[in-house]
Structures are given as structure tokens and as C-alpha cells.
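Below: the structure, in C-alpha cells.
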Amino acid sequence: MKLISSKATLWSAWILLSLLLAGYLGYQMVEAKQKPDFLIGEASHGHYQIEMACESCHTDPFGGKELIHDACLNCHQEELAAVDDSHPIKKFTDPRNADRVAILDARNCVTCHNEHQLEQTRAMGVTLADDFCFRCHQEIAEDRPSHQGMEFDSCASAGCHNYHDNKALYEDFLLKHQDEVATNTAATLPESTLSKRLPRKLALALSDANGETVDLKINRAWAASDHASAGVNCTDCHQPDNAKSWQQNPGLEACESCHKDENKGFLAGKHGMRLAAELPAISPAQARLDFHQEADDHQLNCNSCHDPHQPDLQQAAVESCLNCHDDQHSRQYKDSPHAQLWQKELAGESTAATGVSCASCHMPREQKKIAGEVQVMVQHNQNLNLRPNEKMIRSVCMNCHSLAFSIDALADPKLVSNNFNGKPGKHIASIEMAVDREHKK
Amino acid sequence: MTKKMVLKKVVLASTLAATAVAMSGCMESEAKAPGIDPKIYTDSLFSVMKADRTNYTKLIIQRLGPKGAGSIKPDEHWTDVDNGAPLPAQMFRAGAEAVAEMTSDFTYSLQSTWPINSQNAPRTNMEKEGLEYIVANPGKNFYGEESLGDTTYFTAVYPDVAVAAPCADCHNEHKDSPRTDFKIGDVMGGVVIRVPLS
């Protein structure tokens, strides 16, 4: 009798525990915002920030590859279109490529970018072997004799070709820029037209704080700021039109009401992508790069780099970055020729927009023609031109350097690591190949 | 009413009834047909494509380009040129790619035995056969069926003729062109339209 009772207790406990476990997992799968127990493997460098926001990619718990593919495009389609993607999906949906698709299904992002396989993930988030170009272009030497004997794992790793973005690497572009001077010392970077774009009002008096007691120090800082001269007063951020009460700590939406493009870029990049996925803001402690230990708990939002009461773009362009980032490239910045130019500009020893800050390269000023007028905006997605680094050639390097110098410099990992202190130790012969072919025409 | 009249009415009514039955049979057999003939379908699609392509060449490129108002610059790398406009062949491909994003009920592409971009050379046996046929038989189209992957397609190939001097000149002068003696009226390539049958 005692034995039966003991067995019944064990069975009951087992059933109870099973139900509890099923309930816990079921709740996490269906209801919980974060689902750590369902994470099947660490995500790649591009997605680990949002790996706990499963729905960002797995938009339906019962969805297949197609849904994940749609989720990829949801975030990346715009940038692929902007760079004239060399291998767009639409090229592979044509049945004439059925044999190629059977070898490599280029209709789906996940064929090459398979997530949660961190150990197999290569620099560009690719989980295939580096010689994947071989699968379709094995006869390239017939079209391009200069490529005879080249290894297929060097196509996309030697500064010559990329699978998606070849905006700075196509043959006619190489020819067009074949005779440039390595460094144009008189060059300047584009200057932001932000102040022209935003509605300009008259400067305000210090008294516009809607009756709130305001720290005098904050008041003084604001009075000297661009916000004050643009007529952005206390209530514009702390009590916008639709808010009933004073908000002590306005969120992103307050900034976004004027800085829409900047906010969009911020949310698309690593600094803001967790916020875009409705996760708490990222902090250096959660990231995979090297950061200053004292910055570990720093949470990334607009105010991290821009003090709203004293928006200082020079501070935001270097010091704000270096307050957190402590990798080799960042540490070497202050000894670099770029930093010397920046210091000269700050000291008033050179003309405006001749200095090169962290932001000059990682948050470049982009020119866009809007309603017939050229507008220059700061791209706040600091990831947009990061990988492959040839993305920087047109948006950044060629403002001051030749195409040849830019390609060589970016192809030299040592030079990148020491923050371009010196000359490229590598040479990529792509321009010579293009010129040679042109002459043989 | 005479007996003769009654007989006439009966014959007429019978005839009408028989005609109605016969007509309904016809209608039925038409309703059971698999739909529009693929040849008529692809011919119709091609006529729209050809009309749009010719109109783009004449109404936009020739009128607004360097030989007209000079307000646009047709260029192979048109996205990198101020006021750049896609060349007619690129515009045609852009249409094919946009359609591919909207439907898989048909696909089309512009191909040539002498392509500037080798990716636009014929790939399947039927494409090769079709392009050879339209070059050897000016003014005629090519039709056939082929299996690609696990699907059978009705494949039609239509001649793509040089309608303006710049078409031939540009291909003749391009460093990647395998042929340099095109002239107006030549078949430079073909439009391949595919419709899945199974």
C-alpha cells in the first residue's frame, strides 16, 4: 500500500512538473516578449542585438523560409535597392535560371545567410564557404583572361567584387577614376544642410518653460544651443502638442518629430535596432566589440551622443564615440592623420569641413536631391557602409582620396586597424585590369 | 391558321431548338477549354512590350535625349549620371524585373546570341534554338514547349529589331559586344516570353 502511494505521488509530481514546464514554455512561446529558452544558437554579428525579439524575423511561429525571407527584406530591401544590388532576387525567379537555382537558391536570403550558426558565420554574415562564386561563375576566365588562375575564395575578399554592392567597383567606374591624385589636400567634406531643412523660427527668450522650474544651468546651455536659435523651446520636447503633461524624460519620438531621417537611420543601425524591435536600448555590456568598462551600463539613445540642452555636433562626432568604443581602430584614431585634420579644424587652423572625425566615415553626410535642391543629411545608421568596407569608397573615402588609394587602403586590414596611419600595404590591381582591357578593345 | 402555317411554325421551332442545343454544346465545349491559347497570350504580351519599347525609344529617348531637347542623358550607368535615363534595353529589362516581382504567371527577358552582358546569352536549349530561328527567319516568331526545373513552359521567342541607328551604333561600339556590324533593321536579339503550363 505504501509502495502504491509512493508511486502515485511520483506520478502526480511528474504530471504536475510536466504541466508546469509545458505552461512555462507555452507562455514563453506565445505570450512572452523575449523567448530565451527557444534560442537555438547565438545569432550573427548583425542580429545578436535583437536575437531575443524572435518576431523580428520569425513573424509567425508556424511560418517557413518564405516568411523569414520576407522579414530579411523588411529591413534590408531599401539598402539593397539603393546600391543597385548585383544579384537581386528577381533575376533568379526567372525559370531560365532554374538550373542555377538548383545549385544555389539565390531567391532566398537564408540560403547564404543562415542565422543562429555563429561558428560558421563569416565576415559578411555568410554561412557558405568563401568560394561560393564558383557555383555560377566557374567559366569567368573565358570572359576575363586576366582572371585565369585566380582562386574563387578571393572574388569577394580581395577588394574586387561583392555579391550585392558593387557601386564603386564596376568596370566603367574604375576607368572613370583611373587618373586621380591619391589624396586631394584641398578637399572638403559636404556640410550638413540640417539648419536649412528644419523650420526656422525666431530665437526664443529663456522664459519659455511653461511654468516648470528649470535648472539655470540647463537654461543657459539651451540658450546658447542650435535648438534655441532654431526656436525649439522646452515645451517642444517636454510637452509636445499631443501630450497633456510635462514629460521629464522625452523619448525618441520627441527627437523624431523634427529629426525624422536621423531617427530612421539610428533605429536601422546597431545603436538603435533594439529599440526598433521594442527591446530595451543596447548598452556596451551587451555588445561584442571592445568598450570601456565604465561605459558598460550606458544605454544608447539620441541623448547618448547629443545632449538635448546643448547639442554639440563636434562632441557627437568624436568624443561621444570614444567614450564607449575601445577597440584597436578607435584607440588609434587620435594618432591618425584624420584626427590631426580634425584637431586643426577645431582649433580654427583650417577651413570648415576639412577635419575627419569618427562620424565623417561612420555617419557620413549624404547628398540627396529633394525638390531640385541638394540636401546634405547625416546618415545615422552607422552600419550602413561598414561591411563590406568597400561601401565606404563612394560615400566617404572618395571625398578626399582617389578610387585606387581608397580600394587599396580598405583592403589592408593592418591599415584599417591602425586607423589609416600610413600608406596602404596592399595593392588591388582592378583598375589596371580594367584599363588593360579597355586598351585591348 | 392553316395546316401549312402550323407545320411551318413547328419546323421553325424545332430548328431553333436544335440550334439552341447545338449552340449550348458549343458554349460548353468553349467553357471546358483550358483558357486562352498560350500563343495568343504571348503574342498579345509581346505586342504591348514592343509598343512600349518603341514608344520609350522614340517618345522619350529620341525626343528628350541628346538628339532632341537634350534634357536627359541616356546612359548605361544612368543612376550615376545627373539626369541619367536608362537605355531602351535597360528600360525593357527593368519592366521584366518589375513584372517578376508582381507575378509568376509569365516571365520575359531580352536575350541575344551576341549579348553585351554574357548573362543575357541564351541558356536553355529552347532559347538557343529560338534565337537561331528568328535570326534565320526574319519576320517570324518561334514557339515551343520546354521543361525547366519541375515545370513545363510554353516558350515564345520574338525578334528584337534595331529600330533606330543608336541601337546598332551602341552595340557595335561597346567593348563587350561580340558583334560589331549591326545595322538598322537587323535582328539583334530576341524577346523570350515563358508561360508555365503545369
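If you're wondering about the labels, chains in the C-alpha cells are A, B, ... by order shown, residues count from 1 in each chain, ligands from 1 in order shown.
Near chain A, within 6 Å and using only C-alpha atoms, the residues of chain B are Glu97, Ala100, Gly149 and Lys175 of chain B.
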How about saving the chosen residues, C-alpha atoms kept, as a compact mmCIF listing (two decimals), in the first residue's frame?
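Generated output (result_23.txt):
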```txt
# COMPACT_ATOMS: atom_id res chain seq x y z
CA GLU B 97 12.16 42.60 -63.34
CA ALA B 100 8.80 39.28 -61.89
CA GLY B 149 13.05 22.51 -63.05
CA LYS B 175 33.76 46.92 -75.82
```
So which residues touch Tyr158 in chain B within 8 Å, counting only C-alpha atoms, skipping near sequence neighbours fewer than 5 positions away, as a compact mmCIF listing (two decimals) with C-alpha atoms, in the first residue's frame?
```txt
# COMPACT_ATOMS: atom_id res chain seq x y z
CA PHE B 46 4.73 40.90 -76.88
CA ILE B 134 14.30 34.23 -85.55
CA LYS B 140 8.85 35.06 -87.96
CA ASN B 141 8.37 34.12 -84.33
CA PHE B 142 9.35 30.87 -82.62
CA GLY B 190 15.01 38.20 -79.12
CA VAL B 191 12.34 38.63 -76.50
CA VAL B 192 11.70 35.32 -74.75
```
request  = Extract, using only C-alpha atoms, all DNA, RNA and protein residues at most 6 Å from range 378-385 of chain A, discarding same-chain residues fewer than 5 positions from it, and format them as a PyMOL selection string.
outcome  = chain A and resi 262+265-266+268-269+362-365+391-392
message = Give me the residues near His171 in chain B as a VMD selection string, where near means some atom within 9 Å (using only C-alpha atoms) and where sequence neighbours in that chain fewer than 4 positions away do not count.
response = chain B and resid 115 to 116 166 to 167 175 to 182
key: Those in range 53-144 of chain B with alpha helix (DSSP H) from DSSP, as a ChimeraX atom specification   = /B:53-55,62-64,88-102,125-136
